[in-house]
$ cat input-v1.json   # JSON, C-alpha atoms and all ligand atoms
[["chain", "number", "residue", "atom", "x", "y", "z"],
["A", 27, "MET", "CA", 186.52, 43.14, 62.22],
["A", 28, "ARG", "CA", 188.69, 45.94, 61.17],
["A", 29, "LYS", "CA", 189.47, 45.77, 57.45],
["A", 30, "HIS", "CA", 193.11, 45.77, 56.55],
["A", 31, "LYS", "CA", 194.24, 47.96, 53.75],
["A", 32, "TYR", "CA", 196.40, 46.50, 50.96],
["A", 33, "PHE", "CA", 198.60, 47.96, 48.32],
["A", 34, "LEU", "CA", 200.26, 46.52, 45.15],
["A", 35, "ASP", "CA", 204.01, 46.23, 45.52],
["A", 36, "LEU", "CA", 205.31, 46.94, 42.08],
["A", 37, "ASN", "CA", 208.64, 45.33, 42.91],
["A", 38, "ASP", "CA", 207.26, 41.82, 43.15],
["A", 39, "LEU", "CA", 203.71, 42.49, 41.95],
["A", 40, "GLN", "CA", 202.12, 41.28, 45.14],
["A", 41, "TYR", "CA", 199.47, 42.82, 47.32],
["A", 42, "LYS", "CA", 200.81, 43.62, 50.73],
["A", 43, "LYS", "CA", 199.21, 44.82, 53.96],
["A", 44, "VAL", "CA", 199.66, 48.47, 54.54],
["A", 45, "ARG", "CA", 201.71, 48.99, 57.66],
["A", 46, "LEU", "CA", 201.28, 52.31, 59.35],
["A", 47, "SER", "CA", 204.22, 54.18, 60.67],
["A", 48, "LEU", "CA", 204.33, 54.92, 64.42],
["A", 49, "GLU", "CA", 203.72, 58.62, 63.79],
["A", 50, "LYS", "CA", 200.64, 57.86, 61.80],
["A", 51, "LYS", "CA", 199.41, 55.45, 64.46],
["A", 52, "LEU", "CA", 199.91, 58.10, 67.13],
["A", 53, "LEU", "CA", 198.19, 60.68, 64.97],
["A", 54, "ARG", "CA", 195.23, 58.37, 64.61],
["A", 55, "VAL", "CA", 195.01, 57.85, 68.35],
["A", 56, "VAL", "CA", 195.23, 61.57, 68.94],
["A", 57, "LEU", "CA", 192.55, 62.24, 66.33],
["A", 58, "TRP", "CA", 190.32, 59.56, 67.85],
["A", 59, "PHE", "CA", 190.66, 61.13, 71.29],
["A", 60, "ALA", "CA", 190.08, 64.60, 69.92],
["A", 61, "GLY", "CA", 186.98, 63.40, 68.09],
["A", 62, "THR", "CA", 185.63, 61.66, 71.14],
["A", 63, "ILE", "CA", 186.21, 64.68, 73.31],
["A", 64, "ALA", "CA", 184.60, 66.97, 70.73],
["A", 65, "ILE", "CA", 181.54, 64.75, 70.53],
["A", 66, "THR", "CA", 181.36, 64.55, 74.33],
["A", 67, "ILE", "CA", 181.58, 68.34, 74.62],
["A", 68, "PHE", "CA", 178.99, 68.76, 71.89],
["A", 69, "TYR", "CA", 176.47, 66.41, 73.49],
["A", 70, "SER", "CA", 177.07, 67.62, 77.03],
["A", 71, "THR", "CA", 176.57, 71.22, 75.86],
["A", 72, "VAL", "CA", 173.34, 70.33, 74.12],
["A", 73, "PHE", "CA", 172.17, 68.28, 77.11],
["A", 74, "HIS", "CA", 173.22, 71.04, 79.52],
["A", 75, "ASN", "CA", 171.36, 73.67, 77.59],
["A", 76, "LEU", "CA", 168.28, 71.55, 77.33],
["A", 77, "PHE", "CA", 168.14, 70.04, 80.78],
["A", 78, "GLY", "CA", 170.91, 71.58, 82.93],
["A", 79, "SER", "CA", 172.81, 69.82, 85.65],
["A", 80, "PRO", "CA", 170.84, 68.04, 88.38],
["A", 81, "LYS", "CA", 171.60, 70.93, 90.74],
["A", 82, "GLU", "CA", 170.40, 73.45, 88.19],
["A", 83, "ALA", "CA", 167.34, 71.34, 87.49],
["A", 84, "LEU", "CA", 166.52, 71.57, 91.19],
["A", 85, "LEU", "CA", 167.07, 75.34, 91.18],
["A", 86, "ASN", "CA", 164.95, 75.68, 88.06],
["A", 87, "GLN", "CA", 162.21, 73.73, 89.74],
["A", 88, "GLN", "CA", 162.41, 76.05, 92.74],
["A", 89, "ILE", "CA", 162.32, 79.11, 90.50],
["A", 90, "GLY", "CA", 159.30, 77.58, 88.77],
["A", 91, "ASN", "CA", 157.61, 77.19, 92.15],
["A", 92, "ILE", "CA", 158.42, 80.75, 93.14],
["A", 93, "ARG", "CA", 157.08, 82.00, 89.83],
["A", 94, "LEU", "CA", 153.89, 80.04, 90.39],
["A", 95, "GLN", "CA", 153.56, 81.44, 93.92],
["A", 96, "TYR", "CA", 154.09, 84.96, 92.61],
["A", 97, "THR", "CA", 151.58, 84.43, 89.85],
["A", 98, "LEU", "CA", 148.96, 83.21, 92.36],
["A", 99, "ALA", "CA", 149.77, 86.06, 94.74],
["A", 100, "ASP", "CA", 149.53, 88.46, 91.82],
["A", 101, "ARG", "CA", 146.08, 87.12, 90.97],
["A", 102, "ASN", "CA", 144.99, 87.52, 94.60],
["A", 103, "MET", "CA", 146.32, 91.05, 94.59],
["A", 104, "ASN", "CA", 144.39, 91.82, 91.43],
["A", 105, "ASN", "CA", 141.22, 90.63, 93.16],
["A", 106, "SER", "CA", 142.01, 92.74, 96.22],
["A", 107, "LEU", "CA", 142.64, 95.75, 94.01],
["A", 108, "LYS", "CA", 139.28, 95.18, 92.36],
["A", 109, "LEU", "CA", 137.65, 95.08, 95.79],
["A", 110, "ILE", "CA", 139.35, 98.29, 96.89],
["A", 111, "ASN", "CA", 138.28, 99.89, 93.64],
["A", 112, "SER", "CA", 134.66, 98.91, 94.19],
["A", 113, "LEU", "CA", 134.80, 100.38, 97.73],
["A", 114, "ARG", "CA", 136.20, 103.49, 96.18],
["A", 115, "MET", "CA", 133.40, 103.59, 93.60],
["A", 116, "SER", "CA", 130.75, 103.24, 96.35],
["A", 117, "ASP", "CA", 132.46, 106.03, 98.21],
["A", 118, "GLU", "CA", 132.53, 108.35, 95.19],
["A", 119, "MET", "CA", 129.28, 107.42, 93.48],
["A", 120, "ARG", "CA", 127.02, 106.65, 96.43],
["A", 121, "TYR", "CA", 128.03, 107.91, 99.87],
["A", 122, "ARG", "CA", 129.60, 111.24, 98.99],
["A", 123, "PRO", "CA", 126.83, 112.43, 96.63],
["A", 124, "VAL", "CA", 124.09, 111.39, 99.09],
["A", 125, "LEU", "CA", 125.83, 113.22, 101.92],
["A", 126, "ASP", "CA", 126.50, 116.20, 99.67],
["A", 127, "MET", "CA", 130.26, 115.79, 100.06],
["A", 128, "ASP", "CA", 132.83, 116.75, 97.45],
["A", 129, "SER", "CA", 134.59, 113.86, 95.77],
["A", 130, "LEU", "CA", 138.23, 113.32, 96.69],
["A", 131, "PRO", "CA", 140.61, 114.89, 94.16],
["A", 132, "GLU", "CA", 142.16, 112.34, 91.82],
["A", 133, "SER", "CA", 145.64, 113.62, 92.72],
["A", 134, "TYR", "CA", 144.97, 112.66, 96.31],
["A", 135, "ARG", "CA", 143.63, 109.24, 95.46],
["A", 136, "ASN", "CA", 146.39, 108.49, 92.91],
["A", 137, "PRO", "CA", 149.53, 110.22, 94.12],
["A", 138, "GLY", "CA", 151.59, 108.27, 91.52],
["A", 139, "PHE", "CA", 154.98, 106.69, 92.08],
["A", 140, "GLY", "CA", 157.12, 109.07, 90.06],
["A", 141, "GLY", "CA", 159.63, 108.16, 87.36],
["A", 142, "VAL", "CA", 162.22, 106.64, 89.68],
["A", 143, "ASP", "CA", 162.36, 102.87, 89.73],
["A", 144, "ARG", "CA", 161.54, 102.28, 93.37],
["A", 145, "PHE", "CA", 162.23, 98.59, 93.17],
["A", 146, "ALA", "CA", 165.64, 98.58, 91.46],
["A", 147, "ASP", "CA", 166.89, 96.27, 94.23],
["A", 148, "LEU", "CA", 164.75, 93.53, 92.70],
["A", 149, "ASP", "CA", 166.53, 93.72, 89.34],
["A", 150, "GLY", "CA", 168.65, 90.88, 88.00],
["A", 151, "TYR", "CA", 166.60, 87.87, 89.07],
["A", 152, "GLY", "CA", 164.77, 85.43, 86.87],
["A", 153, "THR", "CA", 161.56, 86.56, 88.53],
["A", 154, "SER", "CA", 162.40, 90.29, 88.68],
["A", 155, "TYR", "CA", 159.40, 91.33, 86.66],
["A", 156, "LEU", "CA", 156.95, 89.37, 88.81],
["A", 157, "MET", "CA", 158.56, 90.51, 92.06],
["A", 158, "LYS", "CA", 158.53, 94.15, 90.99],
["A", 159, "SER", "CA", 154.95, 94.00, 89.76],
["A", 160, "SER", "CA", 153.87, 92.40, 93.06],
["A", 161, "ARG", "CA", 155.74, 94.93, 95.16],
["A", 162, "MET", "CA", 154.24, 97.73, 93.07],
["A", 163, "LYS", "CA", 150.74, 96.35, 93.62],
["A", 164, "ILE", "CA", 151.31, 95.96, 97.36],
["A", 165, "GLU", "CA", 152.46, 99.59, 97.57],
["A", 166, "GLU", "CA", 149.49, 100.68, 95.47],
["A", 167, "MET", "CA", 147.06, 98.77, 97.69],
["A", 168, "LYS", "CA", 148.65, 100.21, 100.83],
["A", 169, "ASP", "CA", 148.21, 103.74, 99.50],
["A", 170, "MET", "CA", 144.66, 103.13, 98.27],
["A", 171, "LEU", "CA", 143.60, 101.50, 101.51],
["A", 172, "SER", "CA", 145.01, 104.29, 103.61],
["A", 173, "VAL", "CA", 143.23, 106.95, 101.50],
["A", 174, "GLN", "CA", 140.04, 104.88, 101.46],
["A", 175, "SER", "CA", 139.93, 104.24, 105.19],
["A", 176, "GLU", "CA", 140.52, 107.92, 105.87],
["A", 177, "SER", "CA", 137.78, 108.80, 103.41],
["A", 178, "PHE", "CA", 135.34, 106.36, 105.00],
["A", 179, "SER", "CA", 136.05, 107.82, 108.39],
["A", 180, "THR", "CA", 135.13, 111.31, 107.08],
["A", 181, "VAL", "CA", 132.04, 109.87, 105.39],
["A", 182, "LYS", "CA", 131.08, 108.17, 108.65],
["A", 183, "ASP", "CA", 131.42, 111.42, 110.60],
["A", 184, "LYS", "CA", 129.42, 113.23, 107.95],
["A", 185, "ALA", "CA", 126.73, 110.53, 108.02],
["A", 186, "ALA", "CA", 126.47, 110.84, 111.80],
["A", 187, "GLU", "CA", 126.18, 114.61, 111.41],
["A", 188, "TRP", "CA", 123.66, 114.10, 108.65],
["A", 189, "LYS", "CA", 121.60, 111.72, 110.81],
["A", 190, "ILE", "CA", 121.49, 114.31, 113.58],
["A", 191, "GLU", "CA", 120.37, 116.90, 111.04],
["A", 192, "MET", "CA", 117.75, 114.51, 109.63],
["A", 193, "ASP", "CA", 116.45, 113.77, 113.12],
["A", 194, "HIS", "CA", 116.11, 117.50, 113.74],
["A", 195, "LEU", "CA", 114.34, 118.23, 110.48],
["A", 196, "PRO", "CA", 110.58, 118.68, 111.11],
["A", 197, "ALA", "CA", 109.58, 115.89, 108.77],
["A", 198, "ILE", "CA", 106.30, 114.29, 109.86],
["A", 199, "SER", "CA", 102.72, 115.38, 110.26],
["A", 200, "PRO", "CA", 102.14, 116.84, 113.76],
["A", 201, "VAL", "CA", 98.90, 114.87, 114.06],
["A", 202, "ASP", "CA", 97.45, 111.64, 112.75],
["A", 203, "PRO", "CA", 97.55, 112.17, 108.96],
["A", 204, "SER", "CA", 94.04, 110.86, 108.43],
["A", 205, "PHE", "CA", 92.70, 114.25, 109.52],
["A", 206, "PRO", "CA", 91.99, 116.47, 106.52],
["A", 207, "LEU", "CA", 94.13, 119.48, 105.72],
["A", 208, "GLY", "CA", 92.53, 122.92, 106.03],
["A", 209, "GLU", "CA", 93.75, 126.32, 104.96],
["A", 210, "GLY", "CA", 97.35, 126.33, 103.68],
["A", 211, "TYR", "CA", 100.08, 128.91, 103.24],
["A", 212, "ARG", "CA", 98.31, 131.62, 101.23],
["A", 213, "PHE", "CA", 97.02, 135.18, 101.13],
["A", 214, "ARG", "CA", 93.54, 135.46, 102.66],
["A", 215, "GLU", "CA", 91.24, 138.24, 101.47],
["A", 216, "VAL", "CA", 89.15, 138.06, 104.64],
["A", 217, "HIS", "CA", 90.51, 136.62, 107.88],
["A", 218, "PRO", "CA", 87.75, 134.61, 109.61],
["A", 219, "VAL", "CA", 88.37, 136.34, 112.96],
["A", 220, "TYR", "CA", 90.00, 139.69, 112.18],
["A", 221, "GLY", "CA", 87.98, 140.31, 109.04],
["A", 222, "ASP", "CA", 90.90, 141.97, 107.23],
["A", 223, "SER", "CA", 93.06, 140.59, 104.49],
["A", 224, "ARG", "CA", 96.39, 139.05, 105.49],
["A", 225, "MET", "CA", 98.75, 136.20, 104.81],
["A", 226, "HIS", "CA", 98.05, 132.82, 106.35],
["A", 227, "TYR", "CA", 101.50, 131.48, 107.17],
["A", 228, "GLY", "CA", 100.67, 128.03, 108.48],
["A", 229, "GLN", "CA", 99.08, 124.80, 107.40],
["A", 230, "ASP", "CA", 95.78, 124.23, 109.20],
["A", 231, "ILE", "CA", 94.73, 120.67, 109.96],
["A", 232, "GLU", "CA", 91.08, 119.93, 110.73],
["A", 233, "VAL", "CA", 91.28, 118.09, 114.04],
["A", 234, "PRO", "CA", 88.61, 117.83, 116.75],
["A", 235, "TYR", "CA", 89.24, 118.94, 120.36],
["A", 236, "GLY", "CA", 91.54, 116.59, 122.27],
["A", 237, "THR", "CA", 93.68, 115.38, 119.36],
["A", 238, "LYS", "CA", 97.28, 114.49, 120.25],
["A", 239, "VAL", "CA", 99.90, 116.81, 118.78],
["A", 240, "TYR", "CA", 103.46, 115.54, 118.31],
["A", 241, "ALA", "CA", 106.86, 117.18, 117.85],
["A", 242, "THR", "CA", 107.74, 116.80, 114.17],
["A", 243, "GLY", "CA", 111.52, 116.74, 114.69],
["A", 244, "ASP", "CA", 114.15, 116.78, 117.45],
["A", 245, "GLY", "CA", 114.71, 120.18, 119.05],
["A", 246, "LYS", "CA", 114.28, 122.45, 122.01],
["A", 247, "VAL", "CA", 111.01, 124.01, 123.18],
["A", 248, "VAL", "CA", 111.53, 127.78, 122.93],
["A", 249, "GLU", "CA", 107.95, 128.89, 123.52],
["A", 250, "ALA", "CA", 105.16, 127.17, 125.47],
["A", 251, "GLY", "CA", 102.21, 129.22, 126.66],
["A", 252, "ARG", "CA", 99.61, 131.77, 125.81],
["A", 253, "ASN", "CA", 100.49, 133.81, 122.73],
["A", 254, "THR", "CA", 99.00, 137.24, 122.18],
["A", 255, "GLY", "CA", 99.55, 137.16, 118.44],
["A", 256, "GLY", "CA", 96.52, 134.96, 117.77],
["A", 257, "PHE", "CA", 98.06, 131.49, 118.10],
["A", 258, "GLY", "CA", 96.42, 131.01, 121.51],
["A", 259, "ASN", "CA", 98.18, 128.28, 123.47],
["A", 260, "VAL", "CA", 101.22, 127.67, 121.37],
["A", 261, "VAL", "CA", 104.35, 125.53, 121.39],
["A", 262, "MET", "CA", 107.37, 126.54, 119.37],
["A", 263, "ILE", "CA", 110.29, 124.17, 118.85],
["A", 264, "ASP", "CA", 113.71, 125.27, 117.63],
["A", 265, "HIS", "CA", 115.14, 122.42, 115.52],
["A", 266, "GLY", "CA", 118.44, 124.09, 114.76],
["A", 267, "TYR", "CA", 119.65, 124.47, 111.16],
["A", 268, "GLY", "CA", 117.48, 127.62, 110.99],
["A", 269, "LEU", "CA", 114.20, 125.75, 111.38],
["A", 270, "GLU", "CA", 111.37, 126.28, 113.90],
["A", 271, "SER", "CA", 107.98, 124.59, 114.10],
["A", 272, "ILE", "CA", 104.90, 126.20, 115.63],
["A", 273, "TYR", "CA", 101.80, 124.43, 116.93],
["A", 274, "GLY", "CA", 98.88, 126.83, 117.55],
["A", 275, "HIS", "CA", 95.39, 126.96, 119.10],
["A", 276, "LEU", "CA", 96.18, 124.12, 121.55],
["A", 277, "SER", "CA", 93.84, 123.36, 124.44],
["A", 278, "LYS", "CA", 96.69, 121.89, 126.52],
["A", 279, "ILE", "CA", 100.45, 122.34, 126.49],
["A", 280, "LEU", "CA", 102.42, 119.31, 127.76],
["A", 281, "VAL", "CA", 106.03, 120.54, 127.54],
["A", 282, "PRO", "CA", 107.88, 123.39, 129.31],
["A", 283, "VAL", "CA", 110.16, 125.95, 127.68],
["A", 284, "GLY", "CA", 113.75, 124.69, 127.55],
["A", 285, "MET", "CA", 112.84, 121.03, 127.23],
["A", 286, "ASN", "CA", 114.64, 118.97, 124.60],
["A", 287, "VAL", "CA", 112.15, 116.93, 122.62],
["A", 288, "LYS", "CA", 112.49, 114.13, 120.13],
["A", 289, "ARG", "CA", 110.47, 113.64, 116.98],
["A", 290, "GLY", "CA", 107.18, 111.93, 117.94],
["A", 291, "ASP", "CA", 107.10, 113.27, 121.52],
["A", 292, "LEU", "CA", 103.63, 114.26, 122.64],
["A", 293, "ILE", "CA", 103.78, 118.05, 123.17],
["A", 294, "GLY", "CA", 100.15, 119.15, 123.41],
["A", 295, "ILE", "CA", 96.45, 118.58, 122.83],
["A", 296, "SER", "CA", 94.55, 120.37, 120.08],
["A", 297, "GLY", "CA", 91.87, 122.99, 120.74],
["A", 298, "SER", "CA", 90.60, 126.32, 119.50],
["A", 299, "THR", "CA", 92.39, 128.93, 121.63],
["A", 300, "GLY", "CA", 93.48, 132.29, 120.18],
["A", 301, "ALA", "CA", 92.16, 133.71, 116.90],
["A", 302, "SER", "CA", 90.24, 130.62, 115.92],
["A", 303, "THR", "CA", 86.64, 129.99, 114.92],
["A", 304, "GLY", "CA", 86.66, 126.27, 115.64],
["A", 305, "PRO", "CA", 88.95, 123.43, 116.71],
["A", 306, "HIS", "CA", 91.94, 122.94, 114.40],
["A", 307, "LEU", "CA", 95.72, 122.87, 114.55],
["A", 308, "HIS", "CA", 97.74, 125.68, 113.04],
["A", 309, "TYR", "CA", 101.07, 124.13, 112.08],
["A", 310, "GLN", "CA", 103.75, 126.51, 110.88],
["A", 311, "ILE", "CA", 107.40, 126.21, 109.88],
["A", 312, "ASN", "CA", 109.77, 129.16, 110.00],
["A", 313, "LYS", "CA", 113.03, 129.06, 108.11],
["A", 314, "TYR", "CA", 115.57, 131.58, 109.43],
["A", 315, "GLY", "CA", 112.66, 133.39, 111.08],
["A", 316, "GLN", "CA", 110.55, 133.59, 107.91],
["A", 317, "PRO", "CA", 107.40, 131.49, 107.48],
["A", 318, "THR", "CA", 107.67, 128.91, 104.74],
["A", 319, "PRO", "CA", 104.96, 126.49, 103.43],
["A", 320, "ALA", "CA", 104.75, 123.75, 106.08],
["A", 321, "ILE", "CA", 103.12, 121.36, 103.64],
["A", 322, "ASN", "CA", 106.58, 120.87, 102.10],
["A", 323, "PHE", "CA", 107.79, 119.40, 105.38],
["A", 324, "PHE", "CA", 105.58, 116.39, 105.70],
["A", 325, "ASN", "CA", 104.07, 113.66, 103.66],
["A", 326, "ASN", "CA", 100.37, 113.08, 104.25],
["A", 327, "ASP", "CA", 100.15, 110.15, 101.88],
["A", 328, "ILE", "CA", 100.92, 107.65, 104.60],
["A", 329, "THR", "CA", 98.16, 105.71, 106.28],
["A", 330, "GLN", "CA", 97.02, 106.11, 109.88],
["A", 331, "ASP", "CA", 98.57, 102.74, 110.77],
["A", 332, "GLN", "CA", 101.90, 103.75, 109.25],
["A", 333, "PHE", "CA", 101.81, 107.01, 111.21],
["A", 334, "ASN", "CA", 100.97, 105.22, 114.48],
["A", 335, "GLU", "CA", 103.76, 102.76, 113.85],
["A", 336, "MET", "CA", 106.13, 105.65, 113.21],
["A", 337, "ILE", "CA", 105.06, 107.48, 116.39],
["A", 338, "GLN", "CA", 105.45, 104.27, 118.39],
["A", 339, "ALA", "CA", 108.89, 103.75, 116.93],
["A", 340, "PHE", "CA", 109.86, 107.28, 117.89],
["A", 341, "GLU", "CA", 108.32, 106.89, 121.36],
["A", 342, "SER", "CA", 110.30, 103.74, 122.05],
["A", 343, "LYS", "CA", 113.49, 105.64, 121.24],
["A", 344, "SER", "CA", 112.57, 108.81, 123.10],
["A", 345, "LYS", "CA", 113.57, 109.64, 126.66],
["A", 346, "TYR", "CA", 110.35, 111.60, 127.16],
["A", 347, "ARG", "CA", 107.08, 109.75, 126.75],
["B", 1, "ZN", "ZN", 96.13, 128.67, 110.67]]

$ encode --input "input-v1.json" --output "structure tokens"
Amino acid sequence: MRKHKYFLDLNDLQYKKVRLSLEKKLLRVVLWFAGTIAITIFYSTVFHNLFGSPKEALLNQQIGNIRLQYTLADRNMNNSLKLINSLRMSDEMRYRPVLDMDSLPESYRNPGFGGVDRFADLDGYGTSYLMKSSRMKIEEMKDMLSVQSESFSTVKDKAAEWKIEMDHLPAISPVDPSFPLGEGYRFREVHPVYGDSRMHYGQDIEVPYGTKVYATGDGKVVEAGRNTGGFGNVVMIDHGYGLESIYGHLSKILVPVGMNVKRGDLIGISGSTGASTGPHLHYQINKYGQPTPAINFFNNDITQDQFNEMIQAFESKSKYR
């Protein structure tokens, strides 16, 4: 119940109800409306700021989803960038050094994006930062991948080249490695046949008559026949890259001049032809025409079985058996 207000009428000393004038009544109504409206505005503003309109709430939810999607995509991109970086590390730290290739200049790998904001069109959205960072990463990945795939293609070509070179390198023992080594690359005071003092340019291997002699690397037979210089029946293979291998004192020659041979191809049978006092193989390597210690070109620490396995492996690959 609304309380009535009273006042003391001094004319007749009685309390009387206060009667409001029409103006005052109107003023009250106006004030009441104004107050109500003010309170409504106040609460709706607070509510709006806190929760937004239903439509805005929906939009906010969508923006939230987009932001989440971007964040997940961003995380995926970070993982992809890590992967590209590890490929790049393998390229720089493993493949290129092994293949004796220069590393790619940093300026080529990281061309940089310059000072201009390339993604200004993405400004002004609630998710601008995320969108720009994603676009930046995508561009970065595109650049890195294109450089990396080009680099790998060069590395691949180089590796193929390198494999050809490795296949040509005279790199195995020309005979079963269980045979003992004889005279090496050294100055001899008295030559066993000529009696004078001279350099011995090859690596002798003590093999009996009839021992199989193999090509020690891929190449072309450039000499196959009787040699007047003391090698007797000799085979010489040009391996390219400035390297030749010579197999002397053979009893039989099994390849003609001009033939392309593969490492492990049977090229002759050992003997004691030429300036020789007994059966052995004279194995010599020339580098750019100059004799060089042949012992540096093969590893005799492997077992007979390992050697046979190796020869069989080569034979199965070779066109000439
Ligand atoms: Zn010799």

$ closest_atom_pairs --input "input-v1.json" --of "chain A" --to "ligand ZN 1 (chain B)" --cutoff "6 Å" --atoms "all atoms listed in the file" --output "Markdown table"
| residue | atom | partner | partner_atom | distance |
| --- | --- | --- | --- | --- |
| A:Gly228 | CA | B:ZN1 | ZN | 5.1 |
| A:Gln229 | CA | B:ZN1 | ZN | 5.9 |
| A:Asp230 | CA | B:ZN1 | ZN | 4.7 |
| A:His308 | CA | B:ZN1 | ZN | 4.1 |

$ closest_residue --input "input-v1.json" --among "A:Glu165, A:Asp291, A:Asp38, A:Asp202" --to "Ile328 in chain A" --atoms "all atoms listed in the file"
A:Asp202

$ residues_near_point --input "input-v1.json" --point "(138.0, 99.1, 92.7)" --cutoff "12 Å" --atoms "only C-alpha atoms" --output "MDAnalysis selection string"
chainID A and resid 103:118 135 166:167 170:171 174

$ closest_atom_pairs --input "input-v1.json" --of "range 254-330 of chain A" --to "range 212-225 of chain A" --cutoff "9 Å" --atoms "all atoms listed in the file" --output "JSON lines"
{"residue": "A:Ala301", "atom": "CA", "partner": "A:Val219", "partner_atom": "CA", "distance": 6.1}
{"residue": "A:Ser302", "atom": "CA", "partner": "A:Val219", "partner_atom": "CA", "distance": 6.7}
{"residue": "A:Thr303", "atom": "CA", "partner": "A:Val219", "partner_atom": "CA", "distance": 6.9}
{"residue": "A:Pro319", "atom": "CA", "partner": "A:Arg212", "partner_atom": "CA", "distance": 8.7}

$ closest_residue --input "input-v1.json" --among "A:Asn86, A:Ser160, A:Asn259, A:Asn75" --to "Asn102 in chain A" --atoms "all atoms listed in the file"
A:Ser160

$ residues_around --input "input-v1.json" --residues "Leu156 in chain A" --least-positions-apart "2" --cutoff "12 Å" --atoms "only C-alpha atoms" --output "MDAnalysis selection string"
chainID A and resid 89 92:101 145 148:154 158:163

$ atom_distance --input "input-v1.json" --atom1 "CA of Glu232 in chain A" --atom2 "CA of His306 in chain A"
4.8 Å

$ residues_around --input "input-v1.json" --residues "Ala320 in chain A" --least-positions-apart "6" --cutoff "10 Å" --atoms "only C-alpha atoms" --output "VMD selection string"
chain A and resid 196 to 197 199 210 to 211 227 to 230 271 to 272 309 to 312

$ residues_around --input "input-v1.json" --residues "Val283 in chain A" --least-positions-apart "6" --cutoff "8 Å" --atoms "all atoms listed in the file" --output "ChimeraX atom specification"
/A:246-250

$ atom_distance --input "input-v1.json" --atom1 "CA of Ile164 in chain A" --atom2 "CA of Asn136 in chain A"
14.2 Å

$ atom_distance --input "input-v1.json" --atom1 "CA of Asp169 in chain A" --atom2 "CA of Arg144 in chain A"
14.7 Å

$ residues_near_point --input "input-v1.json" --point "(90.9, 110.2, 107.2)" --cutoff "12 Å" --atoms "only C-alpha atoms" --output "PyMOL selection string"
chain A and resi 201-207+231-233+326-331
